[in-house]
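Asker: Just so it is clear, I am handing over upload02.txt, which has compact mmCIF, C-alpha atoms.
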# COMPACT_ATOMS: atom_id res chain seq x y z
CA MET A 1 -73.41 7.79 15.10
CA GLU A 2 -71.19 4.86 14.23
CA ARG A 3 -71.21 3.78 10.59
CA LEU A 4 -69.35 1.82 7.98
CA GLU A 5 -67.14 4.77 7.24
CA ILE A 6 -64.39 4.46 4.66
CA ASP A 7 -61.11 5.70 6.07
CA HIS A 8 -58.86 7.71 3.77
CA GLN A 9 -56.86 5.40 1.47
CA GLU A 10 -58.37 2.25 2.94
CA ASN A 11 -57.53 -0.68 0.61
CA ALA A 12 -60.62 -2.02 -1.17
CA LEU A 13 -61.47 -5.05 -3.33
CA LEU A 14 -64.35 -4.60 -5.81
CA VAL A 15 -66.82 -7.40 -6.63
CA GLY A 16 -69.16 -7.54 -9.64
CA VAL A 17 -71.61 -10.16 -10.90
CA ILE A 18 -72.26 -11.15 -14.54
CA HIS A 19 -75.92 -12.15 -14.52
CA GLY A 20 -79.12 -11.68 -16.53
CA ASP A 21 -78.92 -8.56 -18.71
CA ILE A 22 -75.43 -7.73 -17.38
CA ASP A 23 -72.84 -9.19 -19.73
CA GLU A 24 -69.08 -9.19 -19.09
CA ALA A 25 -68.42 -5.86 -20.85
CA THR A 26 -71.25 -4.14 -18.97
CA ALA A 27 -70.11 -5.62 -15.65
CA TYR A 28 -66.63 -4.12 -16.18
CA GLU A 29 -68.14 -0.73 -17.11
CA HIS A 30 -70.15 -0.81 -13.89
CA LEU A 31 -67.02 -1.69 -11.92
CA ASP A 32 -65.28 1.31 -13.52
CA GLU A 33 -68.03 3.50 -12.08
CA LEU A 34 -67.85 1.70 -8.72
CA GLU A 35 -64.12 2.48 -8.66
CA LEU A 36 -64.87 6.17 -9.25
CA LEU A 37 -67.35 6.09 -6.38
CA ALA A 38 -64.87 4.30 -4.11
CA ASN A 39 -62.12 6.81 -5.01
CA THR A 40 -64.51 9.67 -4.17
CA ALA A 41 -65.10 8.05 -0.77
CA GLY A 42 -61.33 7.88 -0.20
CA ALA A 43 -60.64 4.20 -0.87
CA ASN A 44 -57.60 2.79 -2.66
CA ILE A 45 -58.66 0.07 -5.15
CA ILE A 46 -56.26 -2.88 -5.17
CA GLY A 47 -58.24 -5.46 -7.17
CA ARG A 48 -61.45 -6.61 -8.85
CA VAL A 49 -63.32 -9.90 -8.80
CA THR A 50 -66.22 -10.99 -11.04
CA GLN A 51 -68.31 -14.15 -11.25
CA LYS A 52 -70.73 -15.28 -13.94
CA LEU A 53 -73.93 -16.69 -12.45
CA ASN A 54 -77.06 -18.30 -13.85
CA ARG A 55 -78.76 -17.81 -10.49
CA LEU A 56 -77.93 -15.40 -7.67
CA ASN A 57 -77.06 -17.14 -4.41
CA PRO A 58 -79.43 -16.01 -1.60
CA GLN A 59 -76.70 -16.72 0.99
CA PHE A 60 -73.76 -14.77 -0.48
CA LEU A 61 -74.99 -13.35 -3.83
CA VAL A 62 -72.04 -15.23 -5.38
CA GLY A 63 -71.42 -18.97 -4.85
CA LYS A 64 -70.19 -20.02 -1.39
CA GLY A 65 -66.82 -21.16 -2.77
CA LYS A 66 -66.43 -17.82 -4.56
CA ALA A 67 -67.35 -15.98 -1.36
CA GLU A 68 -64.58 -17.78 0.53
CA GLN A 69 -62.16 -17.01 -2.33
CA ILE A 70 -63.09 -13.29 -2.24
CA VAL A 71 -62.51 -13.07 1.52
CA GLY A 72 -59.20 -14.97 1.20
CA GLN A 73 -58.05 -12.74 -1.66
CA ALA A 74 -58.92 -9.61 0.34
CA LYS A 75 -56.78 -10.81 3.25
CA GLU A 76 -53.87 -11.72 0.96
CA LEU A 77 -53.98 -8.27 -0.66
CA ASN A 78 -54.30 -6.55 2.75
CA ALA A 79 -57.72 -5.11 1.82
CA GLN A 80 -59.67 -3.74 4.78
CA LEU A 81 -62.80 -3.37 2.69
CA ILE A 82 -64.81 -5.44 0.17
CA ILE A 83 -67.28 -3.45 -1.97
CA PHE A 84 -70.04 -5.16 -3.97
CA ASP A 85 -71.48 -3.44 -7.04
CA ASP A 86 -74.84 -5.09 -6.34
CA ASP A 87 -76.88 -4.46 -3.24
CA LEU A 88 -76.59 -7.17 -0.59
CA SER A 89 -79.54 -8.32 1.50
CA PRO A 90 -79.20 -8.05 5.31
CA ALA A 91 -78.75 -11.85 5.45
CA GLN A 92 -75.97 -11.76 2.82
CA VAL A 93 -74.16 -8.99 4.75
CA LYS A 94 -74.36 -11.06 7.95
CA ASN A 95 -73.11 -14.23 6.19
CA PHE A 96 -70.16 -12.39 4.65
CA MET A 97 -69.25 -10.79 7.95
CA ASN A 98 -69.16 -14.21 9.59
CA LEU A 99 -66.67 -15.26 6.88
CA ALA A 100 -64.69 -12.05 6.74
CA GLU A 101 -64.14 -11.38 10.46
CA ASP A 102 -62.31 -8.01 10.56
CA THR A 103 -62.72 -7.15 6.86
CA LYS A 104 -65.57 -4.66 6.31
CA ILE A 105 -68.29 -5.56 3.79
CA ILE A 106 -70.34 -2.87 2.05
CA ASP A 107 -72.46 -2.73 -1.09
CA ARG A 108 -73.02 0.00 -3.67
CA SER A 109 -75.83 1.67 -1.69
CA GLY A 110 -73.70 1.75 1.47
CA LEU A 111 -70.85 3.32 -0.52
CA ILE A 112 -73.07 6.02 -2.04
CA LEU A 113 -74.55 6.81 1.38
CA ASP A 114 -71.01 7.17 2.76
CA ILE A 115 -70.16 9.69 0.00
CA PHE A 116 -73.35 11.64 0.63
CA ARG A 117 -72.55 11.83 4.36
CA GLN A 118 -69.10 13.23 3.55
CA HIS A 119 -70.54 15.88 1.22
CA ALA A 120 -73.63 17.00 3.18
CA ARG A 121 -73.20 20.64 4.20
CA SER A 122 -76.61 22.21 4.86
CA ARG A 123 -79.06 21.29 7.64
CA GLU A 124 -81.43 19.86 5.03
CA ALA A 125 -78.82 17.69 3.29
CA LYS A 126 -77.47 16.39 6.61
CA THR A 127 -80.97 15.48 7.78
CA GLN A 128 -81.86 13.79 4.48
CA VAL A 129 -78.67 11.74 4.37
CA GLU A 130 -78.81 10.69 8.03
CA LEU A 131 -82.41 9.50 7.56
CA ALA A 132 -81.48 7.49 4.45
CA HIS A 133 -78.46 5.99 6.21
CA LEU A 134 -80.44 4.92 9.29
CA GLU A 135 -83.21 3.35 7.19
CA TYR A 136 -80.53 1.45 5.26
CA LEU A 137 -78.76 0.47 8.49
CA LEU A 138 -81.77 -0.70 10.52
CA PRO A 139 -82.27 -4.15 8.90
CA ARG A 140 -78.49 -4.67 8.65
CA LEU A 141 -77.61 -4.24 12.33
CA THR A 142 -74.85 -6.60 13.41
CA LYS A 143 -72.26 -6.66 16.15
CA GLN A 144 -70.14 -4.12 14.24
CA TRP A 145 -72.68 -1.40 15.12
CA THR A 146 -72.64 -1.63 18.91
CA HIS A 147 -73.52 0.75 21.74
CA LEU A 148 -75.39 3.23 19.57
CA GLU A 149 -76.80 4.89 22.68
CA ARG A 150 -73.30 6.28 23.28
CA GLN A 151 -73.30 8.08 19.91
CA MET A 152 -76.99 9.03 20.04
CA GLY A 153 -77.01 10.39 23.57
CA GLY A 154 -78.95 7.55 25.16
CA ILE A 155 -82.16 8.52 23.37
CA GLY A 156 -85.40 7.45 24.94
CA THR A 157 -84.98 4.56 27.36
CA ARG A 158 -82.73 2.24 29.27
CA ALA A 159 -82.33 -1.45 28.48
CA GLY A 160 -84.93 -3.82 29.88
CA MET A 161 -84.03 -7.10 31.52
CA GLY A 162 -82.68 -9.55 28.98
CA GLU A 163 -82.77 -7.03 26.13
CA THR A 164 -79.86 -7.57 23.74
CA GLN A 165 -77.61 -4.73 22.56
CA ILE A 166 -78.90 -5.03 18.97
CA GLU A 167 -82.51 -4.72 20.19
CA ILE A 168 -81.56 -1.55 22.09
CA ASP A 169 -79.80 -0.22 18.99
CA ARG A 170 -82.84 -0.91 16.81
CA ARG A 171 -85.08 0.96 19.23
CA LEU A 172 -82.68 3.92 19.32
CA ILE A 173 -82.53 4.03 15.51
CA ARG A 174 -86.34 3.93 15.16
CA THR A 175 -86.64 6.82 17.63
CA ARG A 176 -84.05 8.82 15.67
CA ILE A 177 -85.75 8.04 12.33
CA SER A 178 -89.07 9.33 13.69
CA LYS A 179 -87.38 12.56 14.85
CA LEU A 180 -85.61 13.07 11.50
CA LYS A 181 -88.86 12.56 9.55
CA LYS A 182 -90.52 15.30 11.62
CA GLU A 183 -87.53 17.58 11.01
CA LEU A 184 -87.68 16.93 7.24
CA LYS A 185 -91.42 17.67 7.19
CA LYS A 186 -90.72 21.02 8.84
CA ILE A 187 -87.97 21.77 6.27
CA GLU A 188 -90.32 20.74 3.44
CA ASN A 189 -92.99 23.17 4.68
CA GLU A 190 -90.38 25.96 4.71
CA ARG A 191 -89.38 25.03 1.15
CA GLU A 192 -93.01 25.14 -0.02
CA THR A 193 -93.39 28.64 1.44
CA GLN A 194 -90.29 29.77 -0.48
CA SER A 195 -91.59 28.06 -3.63
CA LYS A 196 -94.83 30.09 -3.64
CA GLY A 197 -92.85 33.23 -4.35
CA ARG A 198 -91.38 31.64 -7.49
CA GLN A 199 -94.64 30.57 -9.13
CA ASN A 200 -94.77 33.51 -11.55
CA PHE A 201 -91.41 32.52 -13.06
CA PHE A 202 -90.69 29.97 -15.77
CA ARG A 203 -88.73 27.35 -13.85
CA VAL A 204 -85.92 25.36 -15.45
CA ALA A 205 -84.16 22.52 -13.60
CA LEU A 206 -80.74 21.14 -14.49
CA VAL A 207 -80.88 17.35 -14.28
CA GLY A 208 -78.03 14.99 -15.04
CA TYR A 209 -75.71 12.20 -14.12
CA THR A 210 -73.27 13.17 -11.40
CA ASN A 211 -70.18 14.96 -12.77
CA ALA A 212 -71.85 15.81 -16.12
CA GLY A 213 -71.07 19.52 -15.63
CA LYS A 214 -74.40 20.82 -14.30
CA SER A 215 -72.84 23.21 -11.78
CA THR A 216 -70.42 24.54 -14.43
CA LEU A 217 -73.39 25.14 -16.75
CA MET A 218 -75.24 26.90 -13.91
CA ASN A 219 -72.26 29.20 -13.38
CA SER A 220 -71.85 29.92 -17.10
CA LEU A 221 -75.54 30.76 -17.65
CA SER A 222 -76.20 32.70 -14.46
CA GLY A 223 -72.83 34.12 -13.43
CA ALA A 224 -73.40 32.40 -10.06
CA ASP A 225 -70.51 31.16 -7.97
CA VAL A 226 -71.64 27.56 -7.46
CA TYR A 227 -69.16 25.17 -5.83
CA ILE A 228 -67.50 22.95 -8.45
CA GLU A 229 -65.14 20.02 -8.01
CA ASP A 230 -64.22 17.27 -10.45
CA GLN A 231 -65.66 14.44 -8.38
CA LEU A 232 -68.95 12.60 -7.98
CA PHE A 233 -71.67 14.29 -5.90
CA ALA A 234 -69.58 17.40 -5.26
CA THR A 235 -72.73 19.26 -4.19
CA LEU A 236 -75.98 17.97 -2.68
CA ASP A 237 -77.87 21.20 -2.07
CA THR A 238 -80.19 22.94 -4.50
CA THR A 239 -78.98 26.24 -5.99
CA ILE A 240 -81.51 28.58 -7.63
CA ARG A 241 -80.56 31.62 -9.71
CA GLN A 242 -82.46 34.03 -11.95
CA VAL A 243 -81.26 34.13 -15.57
CA ASP A 244 -82.40 36.92 -17.90
CA ILE A 245 -82.44 35.65 -21.49
CA ASN A 246 -83.72 39.02 -22.69
CA GLU A 247 -86.09 41.74 -21.43
CA SER A 248 -89.20 39.56 -21.72
CA HIS A 249 -87.76 36.12 -20.98
CA GLN A 250 -86.56 35.50 -17.44
CA ILE A 251 -86.15 32.05 -15.92
CA LEU A 252 -85.36 30.58 -12.52
CA LEU A 253 -82.61 28.02 -13.03
CA SER A 254 -82.08 25.34 -10.39
CA ASP A 255 -79.28 22.82 -9.95
CA THR A 256 -79.68 19.90 -7.56
CA VAL A 257 -78.07 16.56 -6.68
CA GLY A 258 -76.71 14.47 -9.57
CA PHE A 259 -78.08 11.04 -10.40
CA VAL A 260 -76.18 7.77 -10.66
CA ARG A 261 -76.98 4.18 -11.58
CA LYS A 262 -78.73 2.29 -8.74
CA LEU A 263 -79.23 5.40 -6.62
CA PRO A 264 -80.35 3.97 -3.24
CA HIS A 265 -84.14 4.04 -2.87
CA ASN A 266 -83.91 5.39 0.70
CA LEU A 267 -81.79 8.26 -0.58
CA VAL A 268 -84.27 9.16 -3.34
CA ALA A 269 -87.10 9.06 -0.79
CA SER A 270 -85.21 11.25 1.70
CA PHE A 271 -84.26 13.79 -0.99
CA ARG A 272 -87.85 14.19 -2.24
CA SER A 273 -88.19 17.71 -0.87
CA THR A 274 -84.93 18.76 -2.59
CA LEU A 275 -85.97 17.03 -5.81
CA LYS A 276 -89.29 18.92 -5.79
CA GLU A 277 -87.47 21.62 -7.76
CA VAL A 278 -87.33 19.04 -10.56
CA VAL A 279 -90.94 17.91 -10.09
CA GLU A 280 -92.27 21.50 -10.13
CA ALA A 281 -90.11 22.75 -13.03
CA ASP A 282 -91.64 23.84 -16.33
CA LEU A 283 -88.64 22.47 -18.25
CA LEU A 284 -85.89 19.95 -17.49
CA LEU A 285 -82.46 20.47 -19.03
CA ILE A 286 -81.03 16.94 -19.24
CA VAL A 287 -77.27 17.54 -19.03
CA LEU A 288 -75.15 14.70 -20.44
CA ASP A 289 -71.37 14.27 -20.63
CA ALA A 290 -70.79 13.93 -24.39
CA SER A 291 -67.26 12.63 -23.76
CA SER A 292 -68.46 9.63 -21.69
CA SER A 293 -68.57 6.24 -23.41
CA GLN A 294 -71.67 5.47 -21.30
CA VAL A 295 -73.67 8.57 -22.23
CA VAL A 296 -76.66 6.54 -23.53
CA ASP A 297 -76.72 4.42 -20.37
CA HIS A 298 -76.56 7.62 -18.29
CA TYR A 299 -79.55 9.06 -20.18
CA LYS A 300 -81.57 5.91 -19.45
CA THR A 301 -80.63 6.06 -15.75
CA ILE A 302 -81.71 9.72 -15.54
CA ASN A 303 -85.12 8.87 -16.99
CA GLU A 304 -85.53 5.96 -14.57
CA VAL A 305 -84.92 8.27 -11.59
CA LEU A 306 -87.26 10.91 -13.07
CA LYS A 307 -90.02 8.29 -13.26
CA GLU A 308 -89.34 7.31 -9.66
CA ILE A 309 -89.90 10.91 -8.47
CA ASP A 310 -92.96 11.40 -10.74
CA ALA A 311 -91.21 13.76 -13.16
CA GLY A 312 -91.00 11.37 -16.13
CA GLU A 313 -93.58 13.29 -18.20
CA LYS A 314 -91.90 16.68 -17.84
CA ARG A 315 -90.85 18.65 -20.92
CA GLN A 316 -87.17 17.94 -21.63
CA LEU A 317 -84.37 19.62 -23.54
CA ILE A 318 -81.25 17.47 -23.91
CA VAL A 319 -77.91 19.27 -23.50
CA LEU A 320 -74.77 17.41 -24.61
CA ASN A 321 -72.03 19.05 -22.55
CA LYS A 322 -68.21 18.78 -22.81
CA ILE A 323 -68.25 18.65 -26.64
CA ASP A 324 -64.73 20.14 -26.56
CA LEU A 325 -63.53 16.76 -25.24
CA VAL A 326 -65.01 14.76 -28.15
CA GLU A 327 -62.25 14.51 -30.78
CA ASP A 328 -63.44 11.46 -32.75
CA GLU A 329 -65.72 12.54 -35.63
CA GLN A 330 -67.47 9.15 -35.71
CA ILE A 331 -68.43 9.45 -32.03
CA PHE A 332 -69.60 13.00 -32.70
CA SER A 333 -71.81 11.81 -35.57
CA ARG A 334 -73.26 8.97 -33.50
CA LEU A 335 -74.14 11.37 -30.70
CA LYS A 336 -75.90 13.77 -33.06
CA LYS A 337 -77.82 10.88 -34.62
CA TYR A 338 -78.92 9.32 -31.31
CA PHE A 339 -79.70 12.66 -29.61
CA ASN A 340 -80.94 14.34 -32.77
CA LYS A 341 -82.74 17.21 -30.99
CA ALA A 342 -79.98 17.86 -28.45
CA ILE A 343 -78.12 21.14 -28.09
CA LEU A 344 -74.33 20.67 -28.04
CA VAL A 345 -72.38 22.92 -25.67
CA SER A 346 -69.22 23.29 -23.64
CA ALA A 347 -70.20 24.90 -20.35
CA LEU A 348 -66.56 25.26 -19.27
CA ASN A 349 -65.56 27.12 -22.45
CA LYS A 350 -68.96 28.84 -22.81
CA LEU A 351 -69.41 27.44 -26.32
CA ARG A 352 -72.87 27.55 -27.98
CA LEU A 353 -74.63 28.74 -24.83
CA ASP A 354 -76.56 31.23 -26.98
CA GLU A 355 -78.06 28.23 -28.83
CA LEU A 356 -79.15 26.76 -25.52
CA LEU A 357 -80.77 30.01 -24.37
CA LYS A 358 -82.52 30.31 -27.73
CA GLY A 359 -83.85 26.75 -27.32
CA ILE A 360 -85.21 27.62 -23.85
CA GLN A 361 -86.77 30.81 -25.22
CA ASN A 362 -88.54 28.90 -28.03
CA ILE A 363 -90.07 26.51 -25.49
CA MET A 364 -91.10 29.44 -23.28
CA ASP A 365 -92.79 31.11 -26.26
CA GLU A 366 -95.05 28.06 -26.63
CA GLY A 367 -96.50 29.01 -23.24
CA PHE A 368 -96.62 32.75 -23.99
CA GLN A 369 -99.75 34.72 -24.74
CA THR A 370 -100.35 37.98 -26.63
CA VAL A 371 -103.19 40.24 -25.44
CA GLU A 372 -104.43 43.79 -25.92
CA LEU A 373 -104.95 45.78 -22.72
CA ASN A 374 -106.62 49.12 -21.96
CA ILE A 375 -105.15 50.53 -18.77
CA PRO A 376 -106.45 53.71 -17.10
CA TYR A 377 -103.83 56.36 -16.31
CA THR A 378 -104.73 55.95 -12.62
CA GLU A 379 -103.19 52.44 -12.70
CA GLY A 380 -99.60 53.63 -12.95
CA LYS A 381 -98.35 50.72 -10.83
CA ILE A 382 -99.81 48.15 -13.27
CA ILE A 383 -98.35 50.04 -16.26
CA SER A 384 -94.89 49.92 -14.62
CA GLU A 385 -95.30 46.21 -13.81
CA ILE A 386 -96.20 45.43 -17.43
CA GLN A 387 -93.16 47.27 -18.75
CA VAL A 388 -90.89 45.33 -16.37
CA ASP A 389 -92.42 41.84 -16.68
CA LEU A 390 -93.85 41.68 -20.23
CA GLU A 391 -92.79 42.48 -23.78
CA VAL A 392 -94.68 45.54 -25.05
CA LEU A 393 -95.34 45.07 -28.79
CA GLU A 394 -97.48 48.21 -29.34
CA LYS A 395 -98.42 51.20 -27.19
CA ASP A 396 -100.96 53.98 -27.87
CA TYR A 397 -102.05 56.81 -25.58
CA THR A 398 -105.79 57.58 -25.61
CA ASP A 399 -108.01 59.95 -23.63
CA GLU A 400 -108.94 57.19 -21.17
CA GLY A 401 -105.54 55.60 -20.73
CA VAL A 402 -102.84 53.49 -22.40
CA ARG A 403 -103.68 50.81 -24.96
CA MET A 404 -100.98 48.13 -25.02
CA THR A 405 -100.41 44.96 -26.99
CA VAL A 406 -98.25 42.80 -24.75
CA LYS A 407 -96.68 39.34 -24.87
CA GLY A 408 -95.53 37.23 -21.96
CA PRO A 409 -95.96 34.09 -19.88
CA LYS A 410 -99.59 33.07 -19.41
CA SER A 411 -99.18 33.16 -15.61
CA LYS A 412 -98.08 36.82 -15.70
CA ILE A 413 -100.80 37.75 -18.21
CA ARG A 414 -103.41 36.15 -15.90
CA LYS A 415 -102.01 38.13 -12.96
CA ILE A 416 -102.30 41.47 -14.83
CA LEU A 417 -105.83 40.67 -16.09
CA GLY A 418 -106.83 39.83 -12.51
CA GLN A 419 -105.56 43.22 -11.32
CA LEU A 420 -107.52 45.03 -14.05
CA SER A 421 -110.82 43.16 -13.54
Output the file's structure as structure tokens, nothing else.
Answerer:
Amino acid sequence: MERLEIDHQENALLVGVIHGDIDEATAYEHLDELELLANTAGANIIGRVTQKLNRLNPQFLVGKGKAEQIVGQAKELNAQLIIFDDDLSPAQVKNFMNLAEDTKIIDRSGLILDIFRQHARSREAKTQVELAHLEYLLPRLTKQWTHLERQMGGIGTRAGMGETQIEIDRRLIRTRISKLKKELKKIENERETQSKGRQNFFRVALVGYTNAGKSTLMNSLSGADVYIEDQLFATLDTTIRQVDINESHQILLSDTVGFVRKLPHNLVASFRSTLKEVVEADLLLIVLDASSSQVVDHYKTINEVLKEIDAGEKRQLIVLNKIDLVEDEQIFSRLKKYFNKAILVSALNKLRLDELLKGIQNIMDEGFQTVELNIPYTEGKIISEIQVDLEVLEKDYTDEGVRMTVKGPKSKIRKILGQLS
């Protein structure tokens, strides 16, 4: 499948717009992040351009004169690629391509999709990303995506009389989208079957901005060997591990794809089955990079994405990670004041992880129940199950059986009571 792929060390010019709520300082911060994204994709940044606008231009986003200047500057600097921090409409892409000739034009969403395609490893991730990419591509088809039937195996039909290449390509893409949606539905059904076996556990999901240290925290808490690399979106697949806080408090900890500002809508929609781990969790650990100057902005972005996937009302526990990198006492004080209920940790150095586990345990205890049970001696299997899954506070042996006072998650208590009824 042909795509706007970024070749390794392709020269790129970044473009940002100062408009509305985005002032100059914010625009430069956003371009810093765009540069990180572009570096992750393999581009070499050779310049930045910004323009202040009262009104966005429907033809080019920026003014027409500025558009011509951007294209001219890209050619002078030998840039093969122009990357916009804002999303471009299909018409704006087409207009820029008419100006730019051989210089490739992509926007932030196209860049993020390119990174996701590079990092997709599992069948599920590859399917999700391809679907998102095709839905993004469909309205933007131009002459640069030609002869898709060659890459897609001539899916479906042959060209009719007078049918243009782009019309053939659109039909091929729609056929492929339909097939991918069916494949994702099948994967989602498999995931739901797996999820049923985890319902008796207290489920905790790690949620955070990309590169905030979620996978490192997963490794430090669970002893798992989760892939870690210091780059954006290093992993796209969900990892789930059991973590035993103590004998009576066990959790299932999941780590999934990181969030980022302006995460493409098609990508969020395609990753819904993966993000169900977040939606179905009992507790969200919001992992933030304490050393980032944009930590507050990152927190707001995370909550926006959570609302988009219908997880905005979930119970949260904020975790300020990488505190070992915060050397300025004033910054430290501001963080503690703004995130006054947060738990401060260093996942890499395993600092204060006991505080985090204690915080999770306290929240679990809010959903715990204490009951007194009378269990006949004939129900040895239930007695064994209680001793494994619940905290036994008191135990007395009577003529009829064992009298126990036990404490544990309400779901497990209900299960035991159901077995005894």
Asker: Mind giving me the straight-line distance from CA of Glu188 in chain A to CA of Ser273 in chain A in Å, one decimal?
Answerer: 5.7 Å
Asker: Please indicate the distance in Å from CA of Glu101 in chain A to CA of Val71 in chain A, rounded to one decimal place.
Answerer: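 Between these atoms lies a distance of 9.2 Å.
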Asker: Would you write out, as a Markdown table, a table of all residues in range 279-362 of chain A that have an atom no more than 6 Å from an atom of range 201-213 of chain A, listing for each the closest atom pair and the distance in Å to one decimal, considering only C-alpha atoms and ordering rows by chain and rising residue number?
Answerer:
| residue | atom | partner | partner_atom | distance |
| --- | --- | --- | --- | --- |
| A:Ala281 | CA | A:Arg203 | CA | 4.9 |
| A:Asp282 | CA | A:Arg203 | CA | 5.2 |
| A:Leu283 | CA | A:Val204 | CA | 4.9 |
| A:Leu284 | CA | A:Ala205 | CA | 5.0 |
| A:Leu285 | CA | A:Leu206 | CA | 4.9 |
| A:Ile286 | CA | A:Val207 | CA | 5.0 |
| A:Val287 | CA | A:Gly208 | CA | 4.8 |
| A:Leu288 | CA | A:Ala212 | CA | 5.5 |
| A:Asp289 | CA | A:Ala212 | CA | 4.8 |
Asker: For a quick check of understanding, using all atoms listed in the file, which of A:Leu53, A:Ala43, A:Leu252, A:Ile112 has the smallest distance to Gly20 in chain A?
Answerer: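 Between A:Leu53, A:Ala43, A:Leu252, A:Ile112, the residue approaching Gly20 in chain A most closely is A:Leu53.
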Asker: Nearest residue to Gln73 in chain A out of A:Lys314, A:Arg414, A:Arg48, A:Lys182, using all atoms listed in the file?
Answerer: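 For Gln73 in chain A, the nearest of the given residues is A:Arg48.
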Asker: A:Asp365, A:Glu394, A:Asp86, A:Ile416: which is nearest Lys381 in chain A, counting all atoms listed in the file?
Answerer: A:Ile416
